[in-house]
file data33.cif (mmCIF, C-alpha atoms)
data_coords
loop_
_atom_site.group_PDB
_atom_site.id
_atom_site.type_symbol
_atom_site.label_atom_id
_atom_site.label_comp_id
_atom_site.auth_asym_id
_atom_site.auth_seq_id
_atom_site.Cartn_x
_atom_site.Cartn_y
_atom_site.Cartn_z
ATOM 1 C CA MET A 18 113.488 126.603 72.364
ATOM 2 C CA LYS A 19 116.490 128.295 73.958
ATOM 3 C CA ARG A 20 115.057 127.756 77.436
ATOM 4 C CA PHE A 21 114.435 124.075 76.673
ATOM 5 C CA ARG A 22 118.060 123.709 75.560
ATOM 6 C CA LYS A 23 119.271 125.161 78.877
ATOM 7 C CA HIS A 24 117.177 122.669 80.829
ATOM 8 C CA VAL A 25 118.437 119.766 78.739
ATOM 9 C CA ILE A 26 122.052 120.753 79.378
ATOM 10 C CA HIS A 27 121.460 120.995 83.124
ATOM 11 C CA VAL A 28 119.614 117.686 83.282
ATOM 12 C CA LEU A 29 122.365 115.974 81.273
ATOM 13 C CA GLN A 30 124.928 117.333 83.729
ATOM 14 C CA ILE A 31 122.945 115.878 86.636
ATOM 15 C CA LEU A 32 122.618 112.510 84.878
ATOM 16 C CA PHE A 33 126.350 112.429 84.118
ATOM 17 C CA ALA A 34 127.180 113.160 87.751
ATOM 18 C CA LEU A 35 124.716 110.463 88.844
ATOM 19 C CA ALA A 36 126.458 107.985 86.540
ATOM 20 C CA MET A 37 129.790 108.854 88.183
ATOM 21 C CA CYS A 38 128.223 108.258 91.624
ATOM 22 C CA ILE A 39 126.973 104.860 90.494
ATOM 23 C CA LEU A 40 130.324 103.877 88.936
ATOM 24 C CA TYR A 41 132.454 105.058 91.879
ATOM 25 C CA PRO A 42 132.019 101.902 94.050
ATOM 26 C CA PHE A 43 132.842 99.706 91.042
ATOM 27 C CA TRP A 44 136.052 101.651 90.388
ATOM 28 C CA TRP A 45 136.970 101.163 94.030
ATOM 29 C CA ALA A 46 136.183 97.421 93.994
ATOM 30 C CA ASN A 47 138.035 96.792 90.717
ATOM 31 C CA GLY A 48 141.193 98.456 91.985
ATOM 32 C CA TYR A 49 141.275 101.482 89.700
ATOM 33 C CA LEU A 50 141.532 103.732 92.755
ATOM 34 C CA ASP A 51 144.670 102.312 94.319
ATOM 35 C CA THR A 52 145.667 105.075 96.750
ATOM 36 C CA ALA A 53 143.763 106.709 99.562
ATOM 37 C CA TYR A 54 144.204 110.087 97.877
ATOM 38 C CA LEU A 55 142.466 108.871 94.711
ATOM 39 C CA LYS A 56 139.637 107.253 96.659
ATOM 40 C CA ILE A 57 138.938 110.434 98.618
ATOM 41 C CA ALA A 58 139.395 112.857 95.708
ATOM 42 C CA VAL A 59 137.238 110.909 93.246
ATOM 43 C CA GLY A 60 134.540 110.356 95.883
ATOM 44 C CA ILE A 61 134.369 114.054 96.689
ATOM 45 C CA ALA A 62 134.327 114.962 93.001
ATOM 46 C CA ALA A 63 131.622 112.434 92.098
ATOM 47 C CA TYR A 64 129.226 112.973 94.993
ATOM 48 C CA GLY A 65 129.978 116.676 95.392
ATOM 49 C CA GLY A 66 129.387 117.272 91.705
ATOM 50 C CA PHE A 67 126.070 115.456 91.826
ATOM 51 C CA VAL A 68 124.788 117.190 94.950
ATOM 52 C CA GLY A 69 126.037 120.597 93.830
ATOM 53 C CA SER A 70 124.505 120.392 90.372
ATOM 54 C CA LEU A 71 121.223 119.025 91.727
ATOM 55 C CA VAL A 72 120.898 121.796 94.319
ATOM 56 C CA TRP A 73 121.827 124.434 91.753
ATOM 57 C CA TYR A 74 119.255 123.125 89.247
ATOM 58 C CA LEU A 75 116.475 122.951 91.837
ATOM 59 C CA GLN A 76 117.170 126.542 92.884
ATOM 60 C CA TYR A 77 117.305 127.578 89.228
ATOM 61 C CA ARG A 78 113.907 125.974 88.595
ATOM 62 C CA LYS A 79 112.438 127.576 91.702
ATOM 63 C CA ASN A 80 113.591 131.089 90.755
ATOM 64 C CA ASN A 81 112.781 130.925 87.032
#

call {"tool": "encode", "arguments": {"input": "data33.cif", "output": "structure tokens"}}
result
Amino acid sequence: MKRFRKHVIHVLQILFALAMCILYPFWWANGYLDTAYLKIAVGIAAYGGFVGSLVWYLQYRKNN
């Protein structure tokens, strides 16, 4: 049960990051990201978080 809980937490993190990647273009189009700094920082955070968590989880699954 404890192992299942760990997997659920990791998968939820990946799904949350994926949701941020999907919402990012809408935030840009609706004007929520009004400066270049915000556009770059939020893009790096959204896509970097998704890719990083996905790679980490795949390596975790491979090694365990």

call {"tool": "resolve_selection", "arguments": {"input": "data33.cif", "expression": "the PyMOL selection byres ((chain A and resi 34-46) around 10)", "output": "list in words"}}
result
Val28, Leu29, Gln30, Ile31, Leu32, Phe33, Asn47, Gly48, Tyr49, Leu50, Asp51, Thr52, Leu55, Lys56, Val59, Gly60, Ile61, Ala62, Ala63, Tyr64, Gly65, Gly66, Phe67, Val68, Gly69, Ser70 and Leu71 of chain A

call {"tool": "resolve_selection", "arguments": {"input": "data33.cif", "expression": "the PyMOL selection byres ((chain A and resi 78) around 12)", "output": "ChimeraX atom specification"}}
result
/A:20,23-24,27-28,71-77,79-81

call {"tool": "axis_aligned_box", "arguments": {"input": "data33.cif", "around": "region 26-36 of chain A", "padding_each_side": "4 Å", "output": "AutoDock Vina command-line options"}}
result
--center_x 123.4 --center_y 114.5 --center_z 84.1 --size_x 15.6 --size_y 21.0 --size_z 17.5

call {"tool": "build_atoms", "arguments": {"input": "data33.cif", "residues": "region 22-49 of chain A", "atoms": "N, CA and C atoms", "output": "PDB file, keeping the file's coordinate frame"}}
result
ATOM      1  N   ARG A  22     116.673 124.143  75.733  1.00  0.00           N
ATOM      2  CA  ARG A  22     118.060 123.709  75.560  1.00  0.00           C
ATOM      3  C   ARG A  22     118.848 123.863  76.859  1.00  0.00           C
ATOM      4  N   LYS A  23     118.595 124.964  77.592  1.00  0.00           N
ATOM      5  CA  LYS A  23     119.271 125.161  78.877  1.00  0.00           C
ATOM      6  C   LYS A  23     118.896 124.062  79.861  1.00  0.00           C
ATOM      7  N   HIS A  24     117.622 123.713  79.910  1.00  0.00           N
ATOM      8  CA  HIS A  24     117.177 122.669  80.829  1.00  0.00           C
ATOM      9  C   HIS A  24     117.776 121.317  80.456  1.00  0.00           C
ATOM     10  N   VAL A  25     117.865 121.042  79.187  1.00  0.00           N
ATOM     11  CA  VAL A  25     118.437 119.766  78.739  1.00  0.00           C
ATOM     12  C   VAL A  25     119.900 119.671  79.156  1.00  0.00           C
ATOM     13  N   ILE A  26     120.636 120.757  78.994  1.00  0.00           N
ATOM     14  CA  ILE A  26     122.052 120.753  79.378  1.00  0.00           C
ATOM     15  C   ILE A  26     122.199 120.515  80.876  1.00  0.00           C
ATOM     16  N   HIS A  27     121.366 121.158  81.675  1.00  0.00           N
ATOM     17  CA  HIS A  27     121.460 120.995  83.124  1.00  0.00           C
ATOM     18  C   HIS A  27     121.069 119.583  83.554  1.00  0.00           C
ATOM     19  N   VAL A  28     120.039 119.047  82.937  1.00  0.00           N
ATOM     20  CA  VAL A  28     119.614 117.686  83.282  1.00  0.00           C
ATOM     21  C   VAL A  28     120.668 116.672  82.852  1.00  0.00           C
ATOM     22  N   LEU A  29     121.293 116.881  81.701  1.00  0.00           N
ATOM     23  CA  LEU A  29     122.365 115.974  81.273  1.00  0.00           C
ATOM     24  C   LEU A  29     123.551 116.030  82.223  1.00  0.00           C
ATOM     25  N   GLN A  30     123.848 117.207  82.743  1.00  0.00           N
ATOM     26  CA  GLN A  30     124.928 117.333  83.729  1.00  0.00           C
ATOM     27  C   GLN A  30     124.599 116.538  84.986  1.00  0.00           C
ATOM     28  N   ILE A  31     123.359 116.617  85.440  1.00  0.00           N
ATOM     29  CA  ILE A  31     122.945 115.878  86.636  1.00  0.00           C
ATOM     30  C   ILE A  31     123.017 114.372  86.374  1.00  0.00           C
ATOM     31  N   LEU A  32     122.572 113.942  85.203  1.00  0.00           N
ATOM     32  CA  LEU A  32     122.618 112.510  84.878  1.00  0.00           C
ATOM     33  C   LEU A  32     124.052 112.000  84.760  1.00  0.00           C
ATOM     34  N   PHE A  33     124.945 112.816  84.196  1.00  0.00           N
ATOM     35  CA  PHE A  33     126.350 112.429  84.118  1.00  0.00           C
ATOM     36  C   PHE A  33     126.953 112.278  85.514  1.00  0.00           C
ATOM     37  N   ALA A  34     126.662 113.237  86.385  1.00  0.00           N
ATOM     38  CA  ALA A  34     127.180 113.160  87.751  1.00  0.00           C
ATOM     39  C   ALA A  34     126.593 111.947  88.482  1.00  0.00           C
ATOM     40  N   LEU A  35     125.331 111.644  88.236  1.00  0.00           N
ATOM     41  CA  LEU A  35     124.716 110.463  88.844  1.00  0.00           C
ATOM     42  C   LEU A  35     125.398 109.188  88.350  1.00  0.00           C
ATOM     43  N   ALA A  36     125.746 109.149  87.077  1.00  0.00           N
ATOM     44  CA  ALA A  36     126.458 107.985  86.540  1.00  0.00           C
ATOM     45  C   ALA A  36     127.811 107.821  87.225  1.00  0.00           C
ATOM     46  N   MET A  37     128.500 108.919  87.482  1.00  0.00           N
ATOM     47  CA  MET A  37     129.790 108.854  88.183  1.00  0.00           C
ATOM     48  C   MET A  37     129.597 108.343  89.619  1.00  0.00           C
ATOM     49  N   CYS A  38     128.509 108.748  90.263  1.00  0.00           N
ATOM     50  CA  CYS A  38     128.223 108.258  91.624  1.00  0.00           C
ATOM     51  C   CYS A  38     127.947 106.755  91.615  1.00  0.00           C
ATOM     52  N   ILE A  39     127.282 106.290  90.588  1.00  0.00           N
ATOM     53  CA  ILE A  39     126.973 104.860  90.494  1.00  0.00           C
ATOM     54  C   ILE A  39     128.236 104.060  90.179  1.00  0.00           C
ATOM     55  N   LEU A  40     129.113 104.592  89.330  1.00  0.00           N
ATOM     56  CA  LEU A  40     130.324 103.877  88.936  1.00  0.00           C
ATOM     57  C   LEU A  40     131.420 103.918  89.990  1.00  0.00           C
ATOM     58  N   TYR A  41     131.387 104.879  90.890  1.00  0.00           N
ATOM     59  CA  TYR A  41     132.454 105.058  91.879  1.00  0.00           C
ATOM     60  C   TYR A  41     132.729 103.791  92.704  1.00  0.00           C
ATOM     61  N   PRO A  42     131.711 103.130  93.276  1.00  0.00           N
ATOM     62  CA  PRO A  42     132.019 101.902  94.050  1.00  0.00           C
ATOM     63  C   PRO A  42     132.640 100.789  93.196  1.00  0.00           C
ATOM     64  N   PHE A  43     132.259 100.718  91.921  1.00  0.00           N
ATOM     65  CA  PHE A  43     132.842  99.706  91.042  1.00  0.00           C
ATOM     66  C   PHE A  43     134.310 100.004  90.760  1.00  0.00           C
ATOM     67  N   TRP A  44     134.643 101.286  90.585  1.00  0.00           N
ATOM     68  CA  TRP A  44     136.052 101.651  90.388  1.00  0.00           C
ATOM     69  C   TRP A  44     136.871 101.265  91.607  1.00  0.00           C
ATOM     70  N   TRP A  45     136.288 101.487  92.785  1.00  0.00           N
ATOM     71  CA  TRP A  45     136.970 101.163  94.030  1.00  0.00           C
ATOM     72  C   TRP A  45     137.181  99.645  94.127  1.00  0.00           C
ATOM     73  N   ALA A  46     136.119  98.883  93.864  1.00  0.00           N
ATOM     74  CA  ALA A  46     136.183  97.421  93.994  1.00  0.00           C
ATOM     75  C   ALA A  46     137.115  96.791  92.962  1.00  0.00           C
ATOM     76  N   ASN A  47     137.194  97.357  91.775  1.00  0.00           N
ATOM     77  CA  ASN A  47     138.035  96.792  90.717  1.00  0.00           C
ATOM     78  C   ASN A  47     139.491  97.216  90.816  1.00  0.00           C
ATOM     79  N   GLY A  48     139.814  98.087  91.760  1.00  0.00           N
ATOM     80  CA  GLY A  48     141.193  98.456  91.985  1.00  0.00           C
ATOM     81  C   GLY A  48     141.710  99.615  91.153  1.00  0.00           C
ATOM     82  N   TYR A  49     140.819 100.332  90.480  1.00  0.00           N
ATOM     83  CA  TYR A  49     141.275 101.482  89.700  1.00  0.00           C
ATOM     84  C   TYR A  49     141.738 102.616  90.608  1.00  0.00           C
TER      85      TYR A  49
END
